[in-house]
Amino acid sequence: MKIRPLVPEDMPEMLEIERQGHSHPWTEGVFLDCFKPDYRLWGAWLGGSLEGFVVGTYMLDEVHLLNICVHPRSRSHGVGRLLLRHLIAEATHEGMNQMLLEVRLSNSVASKLYRNEGFEEIGRRPGYYPAASGREDARVMSLLLCP
């Protein structure tokens, strides 16, 4: 598995993984807006195939994990953990002090991953995510980084 920065030309594979991984997927326009200097987009590649990606944005001394998604064929193989750890390492190297994220309350798999990687719940955001029947609350989690 190789990790490399994503480029706009990777968009078709990113969109396919996103559609398969999220009930309310990001649009191409949202992804294109992330190809700016304060954003970091990393992809995990196996051979010539994108297996997952992570998107974060930097603000002052914090990195906000915006999206992490793994192709269904690669789930439960550590790809999400690899991408998360890569973003943490890069953010630490670039002098960030903290990582923040939101995760659906119903997403127990992701919540467990974040807890296992040292994240702590610091709050909730009511109605943060669109859901099939209205809105779903988000768990806000934080990890202090040691530069």
# chains A, B, ... in the order shown; residues from 1 in each chain; ligands from 1

$ residues_around --residues "Ala132 in chain A" --least-positions-apart "5" --cutoff "12 Å" --atoms "only C-alpha atoms" --output "ChimeraX atom specification"
/A:22-24

$ write_last_selection --atoms "C-alpha atoms" --output "compact mmCIF listing (two decimals), in the first residue's frame"
# COMPACT_ATOMS: atom_id res chain seq x y z
CA HIS A 22 -21.45 7.36 2.52
CA SER A 23 -25.22 7.63 2.62
CA HIS A 24 -24.94 11.32 1.69

$ closest_residue --among "A:Val30, A:Cys69, A:Met99, A:Val79" --to "Thr57 in chain A" --atoms "only C-alpha atoms"
A:Met99

$ closest_residue --among "A:Gly21, A:Gly127, A:Pro5, A:Gly95" --to "Val63 in chain A" --atoms "only C-alpha atoms"
A:Gly95

$ residues_around --residues "Val55 in chain A" --least-positions-apart "2" --cutoff "8 Å" --atoms "only C-alpha atoms" --output "ChimeraX atom specification"
/A:34,39-42,53,57,65-68

$ residues_around --residues "range 134-139 of chain A" --least-positions-apart "6" --cutoff "10 Å" --atoms "only C-alpha atoms" --output "list in words"
Leu101, Glu102, Val103, Arg104, Leu105, Ser106, Asn107, Ser111, Glu120, Glu121, Ile122, Gly123, Arg124, Arg125, Pro126, Gly127 and Tyr128 of chain A

$ closest_residue --among "A:Glu94, A:Asp33, A:Glu62, A:Glu117" --to "Gly80 in chain A" --atoms "only C-alpha atoms"
A:Glu117

$ closest_residue --among "A:Asn97, A:Asp61, A:Gln20, A:Trp26" --to "Arg75 in chain A" --atoms "only C-alpha atoms"
A:Gln20

$ residues_around --residues "Ala44 in chain A" --least-positions-apart "2" --cutoff "6 Å" --atoms "only C-alpha atoms" --output "NGL selection string"
:A and (2-3 or 50-52)

$ write_last_selection --atoms "C-alpha atoms" --output "CSV table (one decimal), in the first residue's frame"
chain,number,residue,atom,x,y,z
A,2,LYS,CA,1.4,3.4,-1.0
A,3,ILE,CA,0.2,6.7,0.2
A,50,LEU,CA,-7.3,3.8,-5.1
A,51,GLU,CA,-8.4,1.9,-2.0
A,52,GLY,CA,-9.2,4.9,0.2

$ select_by_dssp --residues "range 6-144 of chain A" --states "strand (DSSP E)" --output "ChimeraX atom specification"
/A:39-46,49-59,62-70,98-104,120-131,134-144

$ closest_residue --among "A:Lys112, A:His77, A:Lys36, A:Arg85" --to "Pro8 in chain A" --atoms "only C-alpha atoms"
A:Lys36

$ select_by_dssp --residues "range 6-109 of chain A" --states "alpha helix (DSSP H)" --output "JSON, numbers by chain"
{"A": [11, 12, 13, 14, 15, 16, 17, 18, 19, 20, 21, 28, 29, 30, 31, 32, 33, 79, 80, 81, 82, 83, 84, 85, 86, 87, 88, 89, 90, 91, 92, 93, 108, 109]}

$ decode --residues "range 116-130 of chain A" --atoms "all heavy atoms" --output "PDB file, in the first residue's frame"
ATOM      1  N   ASN A 116      -9.451   4.180  19.578  1.00  0.00           N
ATOM      2  CA  ASN A 116      -8.244   3.343  19.625  1.00  0.00           C
ATOM      3  C   ASN A 116      -6.991   4.111  19.221  1.00  0.00           C
ATOM      4  O   ASN A 116      -5.885   3.734  19.611  1.00  0.00           O
ATOM      5  CB  ASN A 116      -8.400   2.107  18.741  1.00  0.00           C
ATOM      6  CG  ASN A 116      -9.350   1.092  19.323  1.00  0.00           C
ATOM      7  OD1 ASN A 116      -9.669   1.115  20.515  1.00  0.00           O
ATOM      8  ND2 ASN A 116      -9.831   0.184  18.491  1.00  0.00           N
ATOM      9  N   GLU A 117      -7.155   5.159  18.446  1.00  0.00           N
ATOM     10  CA  GLU A 117      -6.017   5.980  18.023  1.00  0.00           C
ATOM     11  C   GLU A 117      -5.785   7.166  18.959  1.00  0.00           C
ATOM     12  O   GLU A 117      -4.954   8.020  18.668  1.00  0.00           O
ATOM     13  CB  GLU A 117      -6.206   6.448  16.585  1.00  0.00           C
ATOM     14  CG  GLU A 117      -6.158   5.315  15.570  1.00  0.00           C
ATOM     15  CD  GLU A 117      -4.832   4.555  15.578  1.00  0.00           C
ATOM     16  OE1 GLU A 117      -3.763   5.206  15.579  1.00  0.00           O
ATOM     17  OE2 GLU A 117      -4.857   3.310  15.585  1.00  0.00           O
ATOM     18  N   GLY A 118      -6.519   7.220  20.071  1.00  0.00           N
ATOM     19  CA  GLY A 118      -6.270   8.236  21.086  1.00  0.00           C
ATOM     20  C   GLY A 118      -7.200   9.425  21.104  1.00  0.00           C
ATOM     21  O   GLY A 118      -7.035  10.329  21.924  1.00  0.00           O
ATOM     22  N   PHE A 119      -8.187   9.472  20.226  1.00  0.00           N
ATOM     23  CA  PHE A 119      -9.145  10.577  20.217  1.00  0.00           C
ATOM     24  C   PHE A 119     -10.076  10.476  21.427  1.00  0.00           C
ATOM     25  O   PHE A 119     -10.415   9.371  21.857  1.00  0.00           O
ATOM     26  CB  PHE A 119      -9.991  10.559  18.941  1.00  0.00           C
ATOM     27  CG  PHE A 119      -9.267  11.042  17.720  1.00  0.00           C
ATOM     28  CD1 PHE A 119      -8.423  10.193  17.014  1.00  0.00           C
ATOM     29  CD2 PHE A 119      -9.437  12.342  17.261  1.00  0.00           C
ATOM     30  CE1 PHE A 119      -7.753  10.621  15.885  1.00  0.00           C
ATOM     31  CE2 PHE A 119      -8.773  12.782  16.127  1.00  0.00           C
ATOM     32  CZ  PHE A 119      -7.929  11.922  15.433  1.00  0.00           C
ATOM     33  N   GLU A 120     -10.493  11.629  21.909  1.00  0.00           N
ATOM     34  CA  GLU A 120     -11.456  11.699  23.012  1.00  0.00           C
ATOM     35  C   GLU A 120     -12.655  12.515  22.571  1.00  0.00           C
ATOM     36  O   GLU A 120     -12.503  13.507  21.850  1.00  0.00           O
ATOM     37  CB  GLU A 120     -10.816  12.349  24.234  1.00  0.00           C
ATOM     38  CG  GLU A 120      -9.685  11.543  24.820  1.00  0.00           C
ATOM     39  CD  GLU A 120      -9.086  12.188  26.057  1.00  0.00           C
ATOM     40  OE1 GLU A 120      -9.588  13.255  26.490  1.00  0.00           O
ATOM     41  OE2 GLU A 120      -8.120  11.624  26.583  1.00  0.00           O
ATOM     42  N   GLU A 121     -13.832  12.094  23.016  1.00  0.00           N
ATOM     43  CA  GLU A 121     -15.040  12.867  22.719  1.00  0.00           C
ATOM     44  C   GLU A 121     -15.018  14.141  23.542  1.00  0.00           C
ATOM     45  O   GLU A 121     -14.807  14.098  24.754  1.00  0.00           O
ATOM     46  CB  GLU A 121     -16.295  12.057  23.038  1.00  0.00           C
ATOM     47  CG  GLU A 121     -17.560  12.794  22.675  1.00  0.00           C
ATOM     48  CD  GLU A 121     -18.824  11.965  22.828  1.00  0.00           C
ATOM     49  OE1 GLU A 121     -18.744  10.722  22.797  1.00  0.00           O
ATOM     50  OE2 GLU A 121     -19.901  12.585  22.962  1.00  0.00           O
ATOM     51  N   ILE A 122     -15.247  15.281  22.866  1.00  0.00           N
ATOM     52  CA  ILE A 122     -15.252  16.562  23.570  1.00  0.00           C
ATOM     53  C   ILE A 122     -16.592  17.277  23.466  1.00  0.00           C
ATOM     54  O   ILE A 122     -16.768  18.352  24.031  1.00  0.00           O
ATOM     55  CB  ILE A 122     -14.123  17.488  23.070  1.00  0.00           C
ATOM     56  CG1 ILE A 122     -14.270  17.783  21.572  1.00  0.00           C
ATOM     57  CG2 ILE A 122     -12.760  16.892  23.393  1.00  0.00           C
ATOM     58  CD1 ILE A 122     -13.357  18.885  21.056  1.00  0.00           C
ATOM     59  N   GLY A 123     -17.551  16.688  22.740  1.00  0.00           N
ATOM     60  CA  GLY A 123     -18.852  17.324  22.618  1.00  0.00           C
ATOM     61  C   GLY A 123     -19.709  16.646  21.568  1.00  0.00           C
ATOM     62  O   GLY A 123     -19.350  15.610  21.010  1.00  0.00           O
ATOM     63  N   ARG A 124     -20.863  17.257  21.354  1.00  0.00           N
ATOM     64  CA  ARG A 124     -21.815  16.768  20.340  1.00  0.00           C
ATOM     65  C   ARG A 124     -22.300  17.953  19.515  1.00  0.00           C
ATOM     66  O   ARG A 124     -22.373  19.076  20.000  1.00  0.00           O
ATOM     67  CB  ARG A 124     -23.026  16.101  21.008  1.00  0.00           C
ATOM     68  CG  ARG A 124     -22.711  14.934  21.926  1.00  0.00           C
ATOM     69  CD  ARG A 124     -22.661  13.629  21.155  1.00  0.00           C
ATOM     70  NE  ARG A 124     -22.202  12.508  21.944  1.00  0.00           N
ATOM     71  CZ  ARG A 124     -22.970  11.555  22.423  1.00  0.00           C
ATOM     72  NH1 ARG A 124     -24.284  11.574  22.226  1.00  0.00           N
ATOM     73  NH2 ARG A 124     -22.454  10.554  23.105  1.00  0.00           N
ATOM     74  N   ARG A 125     -22.653  17.667  18.264  1.00  0.00           N
ATOM     75  CA  ARG A 125     -23.269  18.666  17.388  1.00  0.00           C
ATOM     76  C   ARG A 125     -24.640  18.129  16.994  1.00  0.00           C
ATOM     77  O   ARG A 125     -24.734  17.229  16.157  1.00  0.00           O
ATOM     78  CB  ARG A 125     -22.419  18.909  16.141  1.00  0.00           C
ATOM     79  CG  ARG A 125     -21.059  19.516  16.428  1.00  0.00           C
ATOM     80  CD  ARG A 125     -20.436  20.076  15.166  1.00  0.00           C
ATOM     81  NE  ARG A 125     -19.011  20.259  15.264  1.00  0.00           N
ATOM     82  CZ  ARG A 125     -18.403  21.279  15.835  1.00  0.00           C
ATOM     83  NH1 ARG A 125     -19.126  22.226  16.413  1.00  0.00           N
ATOM     84  NH2 ARG A 125     -17.087  21.363  15.852  1.00  0.00           N
ATOM     85  N   PRO A 126     -25.707  18.675  17.594  1.00  0.00           N
ATOM     86  CA  PRO A 126     -27.059  18.193  17.275  1.00  0.00           C
ATOM     87  C   PRO A 126     -27.418  18.444  15.812  1.00  0.00           C
ATOM     88  O   PRO A 126     -27.145  19.505  15.262  1.00  0.00           O
ATOM     89  CB  PRO A 126     -27.955  19.012  18.202  1.00  0.00           C
ATOM     90  CG  PRO A 126     -27.061  19.562  19.258  1.00  0.00           C
ATOM     91  CD  PRO A 126     -25.705  19.699  18.624  1.00  0.00           C
ATOM     92  N   GLY A 127     -27.993  17.425  15.174  1.00  0.00           N
ATOM     93  CA  GLY A 127     -28.479  17.563  13.800  1.00  0.00           C
ATOM     94  C   GLY A 127     -27.409  17.892  12.785  1.00  0.00           C
ATOM     95  O   GLY A 127     -27.701  18.484  11.747  1.00  0.00           O
ATOM     96  N   TYR A 128     -26.195  17.491  13.008  1.00  0.00           N
ATOM     97  CA  TYR A 128     -25.067  17.870  12.160  1.00  0.00           C
ATOM     98  C   TYR A 128     -25.101  17.202  10.790  1.00  0.00           C
ATOM     99  O   TYR A 128     -24.774  17.809   9.784  1.00  0.00           O
ATOM    100  CB  TYR A 128     -23.763  17.517  12.881  1.00  0.00           C
ATOM    101  CG  TYR A 128     -22.513  17.962  12.179  1.00  0.00           C
ATOM    102  CD1 TYR A 128     -22.100  19.295  12.229  1.00  0.00           C
ATOM    103  CD2 TYR A 128     -21.713  17.057  11.484  1.00  0.00           C
ATOM    104  CE1 TYR A 128     -20.938  19.705  11.599  1.00  0.00           C
ATOM    105  CE2 TYR A 128     -20.545  17.464  10.848  1.00  0.00           C
ATOM    106  CZ  TYR A 128     -20.162  18.789  10.911  1.00  0.00           C
ATOM    107  OH  TYR A 128     -19.010  19.188  10.289  1.00  0.00           O
ATOM    108  N   TYR A 129     -25.490  15.933  10.750  1.00  0.00           N
ATOM    109  CA  TYR A 129     -25.469  15.162   9.500  1.00  0.00           C
ATOM    110  C   TYR A 129     -26.863  14.961   8.931  1.00  0.00           C
ATOM    111  O   TYR A 129     -27.811  14.714   9.673  1.00  0.00           O
ATOM    112  CB  TYR A 129     -24.877  13.768   9.749  1.00  0.00           C
ATOM    113  CG  TYR A 129     -23.402  13.742   9.974  1.00  0.00           C
ATOM    114  CD1 TYR A 129     -22.885  13.511  11.244  1.00  0.00           C
ATOM    115  CD2 TYR A 129     -22.504  13.913   8.926  1.00  0.00           C
ATOM    116  CE1 TYR A 129     -21.511  13.457  11.463  1.00  0.00           C
ATOM    117  CE2 TYR A 129     -21.136  13.860   9.131  1.00  0.00           C
ATOM    118  CZ  TYR A 129     -20.650  13.633  10.404  1.00  0.00           C
ATOM    119  OH  TYR A 129     -19.295  13.581  10.611  1.00  0.00           O
ATOM    120  N   PRO A 130     -26.994  15.000   7.591  1.00  0.00           N
ATOM    121  CA  PRO A 130     -28.269  14.595   6.987  1.00  0.00           C
ATOM    122  C   PRO A 130     -28.446  13.091   7.190  1.00  0.00           C
ATOM    123  O   PRO A 130     -27.481  12.339   7.214  1.00  0.00           O
ATOM    124  CB  PRO A 130     -28.090  14.929   5.502  1.00  0.00           C
ATOM    125  CG  PRO A 130     -26.621  14.996   5.278  1.00  0.00           C
ATOM    126  CD  PRO A 130     -25.993  15.373   6.581  1.00  0.00           C
TER     127      PRO A 130
END
